[in-house]
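Worksheet: the structure to be examined is printed underneath.
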Amino acid sequence: MSESVKIVEKKTIPSGATIIIGLPDVGLVGLIATSYLISELNLEEIAYMDSDLLPPVVVLHNGLPHAPLRIYGNQNLIAVISELAVPVPAIYSIIREIVDWGQAKKVKRIVSMGGIPVESRQTITEPKVFGAASNQELLDMLNKSGLSILKEGYIVGPQALSMRYSVSKNVPAIAILAQSFYNYPDPQAAAMVLKELSKISEIKVDVSKLLEKGEEIRLNARDIMKRTQQEMNRMKKSQEYDLPLYV
Amino acid sequence: MSESVKIVEKKTIPSGATIIIGLPDVGLVGLIATSYLISELNLEEIAYMDSDLLPPVVVLHNGLPHAPLRIYGNQNLIAVISELAVPVPAIYSIIREIVDWGQAKKVKRIVSMGGIPVESRQTITEPKVFGAASNQELLDMLNKSGLSILKEGYIVGPQALSMRYSVSKNVPAIAILAQSFYNYPDPQAAAMVLKELSKISEIKVDVSKLLEKGEEIRLNARDIMKRTQQEMNRMKKSQEYDLPLYV
Amino acid sequence: MSESVKIVEKKTIPSGATIIIGLPDVGLVGLIATSYLISELNLEEIAYMDSDLLPPVVVLHNGLPHAPLRIYGNQNLIAVISELAVPVPAIYSIIREIVDWGQAKKVKRIVSMGGIPVESRQTITEPKVFGAASNQELLDMLNKSGLSILKEGYIVGPQALSMRYSVSKNVPAIAILAQSFYNYPDPQAAAMVLKELSKISEIKVDVSKLLEKGEEIRLNARDIMKRTQQEMNRMKKSQEYDLPLYV
Amino acid sequence: MSESVKIVEKKTIPSGATIIIGLPDVGLVGLIATSYLISELNLEEIAYMDSDLLPPVVVLHNGLPHAPLRIYGNQNLIAVISELAVPVPAIYSIIREIVDWGQAKKVKRIVSMGGIPVESRQTITEPKVFGAASNQELLDMLNKSGLSILKEGYIVGPQALSMRYSVSKNVPAIAILAQSFYNYPDPQAAAMVLKELSKISEIKVDVSKLLEKGEEIRLNARDIMKRTQQEMNRMKKSQEYDLPLYV
Amino acid sequence: MSESVKIVEKKTIPSGATIIIGLPDVGLVGLIATSYLISELNLEEIAYMDSDLLPPVVVLHNGLPHAPLRIYGNQNLIAVISELAVPVPAIYSIIREIVDWGQAKKVKRIVSMGGIPVESRQTITEPKVFGAASNQELLDMLNKSGLSILKEGYIVGPQALSMRYSVSKNVPAIAILAQSFYNYPDPQAAAMVLKELSKISEIKVDVSKLLEKGEEIRLNARDIMKRTQQEMNRMKKSQEYDLPLYV
C-alpha cells in the first residue's frame, strides 16, 4: 500500500489561475461553496487525486467512475473538492501535493474556503465572514474589500495546512471563513463565503439558487457531514474554540 | 513479513482475454457468480496470488493445497476468486496487481461482478442489475444491451478499486452489480448478474442449476459470508447507502 | 529491532534428509510427536533460529541456554520444534526461512505434523489421521500407504504456510493431521500421527512409551498449550471449522 | 507524511547567542516565562519549525498565519516557544533539531526553563527555583549566582532531552526549574524563573507586569494547559515524583 | 525518531574486562547488586547509552545530568545499570549493543545478575542462588565453585537476551540468579548473588552494608520497581513460572 498522493492531469492545466480549495470540513462550508461554483461556472474535470491513503471508494456520475478527490477548472479558476471525508493521516500529503502542484502551475493564489464553528450559530441570522492571508499585502487587499480580518485564533485542518504550506512555498494564500454550524451542513454560510469571494476576486456567482436549495443541500450533505465529523474530531478540531496564550 | 502481492503463473496466460473479478463482497454475489462460471465452463487453475498480507491459510481440494486467491481461465476468459475474506489492508495491493497484470496480458477488459446492498431485498422477487463502465463507449454498449446504468452513488471495495486502477491504467473496465442482501449469500442475485453478463459478452452460462442449488450454496457460503462481513464493516461498506452531495 | 529470521547452523547439515516440522499448534500434536521423535532417535541439536520477532526467552537444558526454536537431526532426518508459542507476526518469516533453507539443503521432503480440531474429540477412542500433499504423486503414495486423504477444507497456521511455501519453492511437502482436541495437549493424537509417519517413511518409532507417558506429558504441556491457544485465536484458527464454498 | 522536523529561517540568525527553550510543560512555566521575554524585549520572529509530526494547525496573529512552533530573537537572544502542546512522538526530533541547529549557529548556551511539579504548591507563597547544568563549570557559575542546585532526581520531557542532546553535542546547557503546579498555569513560578535568569545572564526583564497579569494569563493559558497535560501524562511526567535508587 | 541504540564512550575502555549487567528486572536483584558494586568499588562512569527508544528522561546527580542507562568501570570490571525501567521494544537493541560492544572490547566474559521469581519467597530465610552458562566449560567452573546449576526452565528478559546474543557472538556468558520476590525490591537476594559472584570471580565485595541498608534500599527502589513491573508483565515475565515440555 503506497503512502504517496499524486495529481493525475486529464486536461492541460492553465497557469496563472486561482486555486479554490473546498474540502469537507466544519459545516461543509468550503465543499458546498466550491461545488456550487463548479456547477454554476460549468467547470470541467481537469485532474483528480490518486492515493492508497484514501478509502477504496469511487463515485459514479452518469455511470462513469470518478475519484472522490477531483479538480475542476477553466482558464482562470481551479477548484478542488472531495466527495469523501478526508482521513486525517492523508490530509498532510493531499494539501502539500495541491500546493506543490499549484506552485508548479504558477497559480496566482490559493483560496481556501471554510467555516468557523460558532456555538451560537442557531441564533445568528446572517453569518459573519472573516479572512486571513499569507502576507500583509494580501491582508490589506482583503481589508480594503471590506472583509473583516480573523485577527487572533487557531485554524485547524485543511485551511491550516494550505496556509502553512503556501507560506513555506511562497504561494500567495487566502482563507475565507464564515461563522457556521460545527456538524450541520451550512449552505447559508457557504453563500456568505461566495459573496465575499466575489468582492475580493473576479470570481462572481449569483448565490440566490444556493440559498433556495438550502434545505435540499442540507439533506444530501447529511451523510458526508456525518463522516466528516468523525475526522474532525480525530484532528482535535475542537481546538478552534481554544484561546491562544498571550503574555 | 513482506507486504508485496504477486501473481504466480502455472500455465501460459492467453492475451486478449476478459478478466472476471469475483472477490467476496456484498452478498457474495461476485464470488458465487464467478465460482459458478468456473465450474460450468470447466476453467482450469492457471495462476494464484501469493502474499504475506493474506492469513496463513491454504484450501485443500482433493487433498492438494491451493492458495485461497486463485485465477482460473481458458483462451478467452480469466476468472479471479478468493475462498477467503480479503483483509482490507491487502485489498489495494491485490486489485492493483490484478489490473497491472491484466494490462501486461493485454486483456480485452476487466469485468467485476458484485452486489449493491438493498435494505428491502427481502421484498424483491427479482433483483435488478445495474452497470457502470470506465468510459462512455463501454457505457453506451451496456445501454444498448439493455442493462440499466448505475447513474449516481458510491461504490466501495474491490469493484471500486478495480474501476479506479483500470481507469488510471487505461484498461477498459465494467462493473455489473445486482440488488442483493448485505450479509446473506445471494445466489439469485448472482444468477441475475450472470444473465446480464451473457447479454453484454460472449460469456454464456445456463444459470438454472445455480438457482436450483440456491439453498445449498447459501449454507456452504455461511462461513465465508460471516468473515467477509467483518472486512466489509472495516472498509465502511455502509457508505454505499450514502447519498452523494450535489449542489 | 530486526524483523529478520535466520537459521544458525551448529553442525554441518546433511542433504537429502526429510524435514519434520512440529511447531506448537492444535493440541500440540505436532510438537509432542516431533519432541518424542527427537528423544527416541537421540537426534542432536544441529541448528537454531534467531529472530527479534521471538519473545526475549531462552530455555535452559542442563544449565545451558538454548534458543526456543531449535533444529535437531541425524543423517536422514531434520526435526524442527519450538518450546515457545510462536507469535503470529513471526510465523510467516519462520516457515519461509525453514522452506528456503530446506530447499538449499536439497531436502527430500518437508513433513509437517499437526492436529485437526474436532469438537467431538472427547467421544473418539482412536483419532483418525488424514494426509495432504503438495503434488498428486505424493498424494497417491499416501493413498497406497492407506492414509486417508483430507480432501476438502481449510488448513490454518504453520502447516498451511509450510504447504504454501513448499509448493512455490517446488519442495515436496506432506501434512499429516490427526483428529485432536483444540486446546488440550493430545499425546494420543501425536502417537497416531507417528504411526502413520512410520507407514509412509523410513522413520520408525515405537509409540508405546508416548502413550504410557500421556498423562505426564499433558501436565508438562499445560503452560505452552495455554500460550499457544492465544496465538491460535489470533490467527483465526477457528477458521478450520469453516465450510469452504462450492458452487 | 514526513517524519522529519526542520527549522525554516526567516532572518539571518546571529551566532554566539543564548537559546531559551520554553515549550509547554509542567505549569506552562517555561512557555509563560519565554513568551513574556519575547514581548518585553520585543524579539522578532526569525524562524519557525515545520513538521508533519505536528497537528494540522496554524495560529493567526493580526490575521497572518504563524507556525505554532516559532523562534524569536535579537542579536544576543534566541527564544523558542510553542503555542501548541507538543505531541510526545515529535518531542525527540524537535529538541534534537533545536540543539543541532544551535550547535551550527555556535550558540553560547542553551537555557531551558520549566517547572518542577510540587504537590504542596498551593501552600507555597514563593516558589523556590533550582538549577542544573551540563558541566561542572556552569554548575559552579549557577552556585555563585546563588541559585540552588537540583542535586538528585529525574527530569522528564523537553528539559530532559535538551540536556541530553546538549551534552552529547557539547553545547553548554542550563535548566532553570521553579516549584510549580502540575496542571495549572503558574505565572508566579515563571516570574521566579525569570528573576534567576537575570542573575545568571545578561537577560534582564522586570517581572512586575507578569505578576500583575497573573490571573489573566492563567485564564488565557487554560486551553493549552489542558492539552499539554494529556501529553505530559503520555510521557509519564509523573515520573518526576519518583525517587531515584541509591545503594 | 531514530530506533538505534549506541554506546557513547567517555573514557577509554579497557579490554579483557568482565562485563556485569544489572538491568531492572525481577526484584531488582541485578540492579541493586550492580549498583552496590559500583559504589563499593568506586567505579567511575566510562560510557552511557543513547537512544530515542528510551523515555525522554535524564537523571541528575549532584546537579549534573546523566543518561539513565550508564556504564561504569575500572581496569578489570565494566558494570551496566539503568536507573529507568527499560521499555520492552528497546531491550533487544540494548542488549545486542552491549554484547557487540563487549565483543569489540574483547571482554573476558559477560555476567548478568538477576532474580528468579519464587512465589514462596516470603517463607525463605536465605534465598538460593543458581547459575547458568553459555558453554560447558564455564558451567563446570560454576559447579566447582559450588554454585548450584539452574538445570531446566525458561529465562525471560535481559538475562535471556544477554545469554542468547552472547552465544551467537561466542562471548563467554554467565547468569547468576537468586530466588527473589517478583515485584518487591530484594536486597537480600542481591547480596546472595554478590556472594556467589565473589566465589566464581576476582570481584569481591563485603555485602554486610547492603544487608544493613536493606530497608532503606527497598524504600528508594519502590518507584523503579513499580515501573519495572509494568515492563515485566509486558514481556510475559510470568512465563518463568512455566514448565517446559519434555517428552
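Residues are referred to by chain and number: the chain letter is A, B, ... according to the order shown in the C-alpha cells, the number counts from 1 in that chain, and ligands are numbered separately from 1 in the order shown.
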Can you tell me, as a PyMOL selection string, which residues in stretch 2-243 of chain E count as strand (DSSP E or B) by DSSP? chain E and resi 5-9+18-22+44-51+57-61+64-66+69-73+77-82+109-117+129-133+148-149+153-156+173-180
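Any residue of chain C with an atom no more than 8 Å from chain E counts as a contact; using only C-alpha atoms, that gives Met1, Ile32, Ser35, Tyr36, Ser39, Asp52, Pro55, Pro56, Val57, Val58, Val59, Leu60, His61, Asn62, Gly63, Leu64, Pro65, His66, Ala67, Glu83, Leu210, Ile217, Asn220, Ala221, Arg222, Asp223 and Ile224 of chain C.
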Could you write out that same residue set with N, CA, C and O atoms as an mmCIF file, in the first residue's frame?
data_model
loop_
_atom_site.group_PDB
_atom_site.id
_atom_site.type_symbol
_atom_site.label_atom_id
_atom_site.label_comp_id
_atom_site.auth_asym_id
_atom_site.auth_seq_id
_atom_site.Cartn_x
_atom_site.Cartn_y
_atom_site.Cartn_z
ATOM 1 N N MET C 1 15.267 -3.108 16.393
ATOM 2 C CA MET C 1 14.736 -4.480 16.441
ATOM 3 C C MET C 1 14.605 -5.002 15.010
ATOM 4 O O MET C 1 13.794 -4.513 14.235
ATOM 5 N N ILE C 32 4.413 -32.464 20.224
ATOM 6 C CA ILE C 32 4.604 -33.665 21.045
ATOM 7 C C ILE C 32 5.206 -34.782 20.198
ATOM 8 O O ILE C 32 6.180 -35.433 20.601
ATOM 9 N N SER C 35 8.874 -33.906 19.326
ATOM 10 C CA SER C 35 9.741 -33.986 20.502
ATOM 11 C C SER C 35 10.019 -35.452 20.840
ATOM 12 O O SER C 35 11.149 -35.828 21.190
ATOM 13 N N TYR C 36 8.992 -36.261 20.704
ATOM 14 C CA TYR C 36 9.153 -37.693 21.009
ATOM 15 C C TYR C 36 10.141 -38.335 20.034
ATOM 16 O O TYR C 36 11.039 -39.090 20.437
ATOM 17 N N SER C 39 13.715 -37.433 21.050
ATOM 18 C CA SER C 39 14.288 -38.155 22.187
ATOM 19 C C SER C 39 14.461 -39.648 21.872
ATOM 20 O O SER C 39 15.479 -40.241 22.207
ATOM 21 N N ASP C 52 14.464 -11.348 16.371
ATOM 22 C CA ASP C 52 13.883 -10.432 17.363
ATOM 23 C C ASP C 52 12.368 -10.500 17.359
ATOM 24 O O ASP C 52 11.702 -9.883 18.198
ATOM 25 N N PRO C 55 9.881 -13.734 21.448
ATOM 26 C CA PRO C 55 9.985 -13.099 22.765
ATOM 27 C C PRO C 55 11.394 -13.259 23.348
ATOM 28 O O PRO C 55 12.146 -14.143 22.931
ATOM 29 N N PRO C 56 11.792 -12.376 24.289
ATOM 30 C CA PRO C 56 13.133 -12.426 24.883
ATOM 31 C C PRO C 56 13.258 -13.594 25.860
ATOM 32 O O PRO C 56 13.224 -13.401 27.065
ATOM 33 N N VAL C 57 13.375 -14.800 25.334
ATOM 34 C CA VAL C 57 13.352 -16.003 26.161
ATOM 35 C C VAL C 57 14.455 -16.962 25.736
ATOM 36 O O VAL C 57 14.740 -17.082 24.548
ATOM 37 N N VAL C 58 15.115 -17.594 26.715
ATOM 38 C CA VAL C 58 15.932 -18.764 26.413
ATOM 39 C C VAL C 58 15.436 -19.912 27.271
ATOM 40 O O VAL C 58 14.848 -19.707 28.331
ATOM 41 N N VAL C 59 15.692 -21.119 26.796
ATOM 42 C CA VAL C 59 15.319 -22.307 27.546
ATOM 43 C C VAL C 59 16.598 -22.956 28.036
ATOM 44 O O VAL C 59 17.547 -23.115 27.270
ATOM 45 N N LEU C 60 16.622 -23.280 29.322
ATOM 46 C CA LEU C 60 17.807 -23.939 29.874
ATOM 47 C C LEU C 60 17.612 -25.450 29.850
ATOM 48 O O LEU C 60 16.553 -25.951 30.236
ATOM 49 N N HIS C 61 18.611 -26.153 29.343
ATOM 50 C CA HIS C 61 18.638 -27.602 29.468
ATOM 51 C C HIS C 61 19.990 -27.968 30.044
ATOM 52 O O HIS C 61 21.021 -27.596 29.482
ATOM 53 N N ASN C 62 19.985 -28.643 31.221
ATOM 54 C CA ASN C 62 21.235 -28.932 31.930
ATOM 55 C C ASN C 62 22.085 -27.682 32.098
ATOM 56 O O ASN C 62 23.301 -27.718 31.942
ATOM 57 N N GLY C 63 21.416 -26.555 32.370
ATOM 58 C CA GLY C 63 22.150 -25.331 32.694
ATOM 59 C C GLY C 63 22.683 -24.572 31.497
ATOM 60 O O GLY C 63 23.255 -23.496 31.660
ATOM 61 N N LEU C 64 22.511 -25.130 30.305
ATOM 62 C CA LEU C 64 22.984 -24.438 29.100
ATOM 63 C C LEU C 64 21.810 -23.806 28.364
ATOM 64 O O LEU C 64 20.749 -24.420 28.241
ATOM 65 N N PRO C 65 21.984 -22.575 27.898
ATOM 66 C CA PRO C 65 20.880 -21.862 27.233
ATOM 67 C C PRO C 65 20.662 -22.379 25.813
ATOM 68 O O PRO C 65 21.611 -22.680 25.095
ATOM 69 N N HIS C 66 19.395 -22.512 25.454
ATOM 70 C CA HIS C 66 19.035 -22.929 24.102
ATOM 71 C C HIS C 66 18.010 -21.967 23.536
ATOM 72 O O HIS C 66 17.152 -21.470 24.262
ATOM 73 N N ALA C 67 18.099 -21.725 22.234
ATOM 74 C CA ALA C 67 17.057 -20.937 21.586
ATOM 75 C C ALA C 67 15.763 -21.739 21.664
ATOM 76 O O ALA C 67 15.789 -22.967 21.588
ATOM 77 N N GLU C 83 9.915 -24.525 21.682
ATOM 78 C CA GLU C 83 9.461 -24.674 23.067
ATOM 79 C C GLU C 83 8.692 -23.448 23.513
ATOM 80 O O GLU C 83 8.463 -23.249 24.706
ATOM 81 N N LEU C 210 5.162 -43.245 24.483
ATOM 82 C CA LEU C 210 4.425 -41.978 24.360
ATOM 83 C C LEU C 210 3.027 -42.123 24.947
ATOM 84 O O LEU C 210 2.533 -41.252 25.675
ATOM 85 N N ILE C 217 2.778 -36.000 30.123
ATOM 86 C CA ILE C 217 3.006 -35.033 29.031
ATOM 87 C C ILE C 217 1.932 -33.957 29.063
ATOM 88 O O ILE C 217 2.217 -32.764 29.004
ATOM 89 N N ASN C 220 2.912 -31.530 31.660
ATOM 90 C CA ASN C 220 4.050 -30.674 31.308
ATOM 91 C C ASN C 220 3.691 -29.674 30.210
ATOM 92 O O ASN C 220 4.261 -28.584 30.132
ATOM 93 N N ALA C 221 2.771 -30.079 29.350
ATOM 94 C CA ALA C 221 2.451 -29.248 28.180
ATOM 95 C C ALA C 221 1.412 -28.186 28.502
ATOM 96 O O ALA C 221 1.086 -27.350 27.657
ATOM 97 N N ARG C 222 0.929 -28.246 29.747
ATOM 98 C CA ARG C 222 -0.160 -27.339 30.143
ATOM 99 C C ARG C 222 0.153 -25.880 29.768
ATOM 100 O O ARG C 222 -0.621 -25.209 29.096
ATOM 101 N N ASP C 223 1.336 -25.422 30.166
ATOM 102 C CA ASP C 223 1.649 -23.995 30.012
ATOM 103 C C ASP C 223 1.797 -23.586 28.548
ATOM 104 O O ASP C 223 1.191 -22.608 28.101
ATOM 105 N N ILE C 224 2.586 -24.337 27.795
ATOM 106 C CA ILE C 224 2.803 -23.937 26.398
ATOM 107 C C ILE C 224 1.499 -24.060 25.615
ATOM 108 O O ILE C 224 1.220 -23.265 24.718
#
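Of the listed residues E:Val8, E:Val99, E:Ala189, E:Leu219, the one whose atoms come nearest to E:Val207 is E:Ala189, with distances taken using only C-alpha atoms.
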Please return, as a ChimeraX atom specification, all residues of stretch 4-224 of chain A that DSSP assigns to alpha helix (DSSP H) on the basis of the backbone. /A:29-40,88-104,136-144,158-168,187-200,208-212,214-220,222-224
Counting only C-alpha atoms, figure out which residue out of C:Ala85, C:Ile110, C:Ala190, C:Ile71 gets nearest to C:Leu43. C:Ile71
One decimal, in Å: what's the spacing between atom CA of C:Gly30 and atom CA of C:Gln103? 21.5 Å
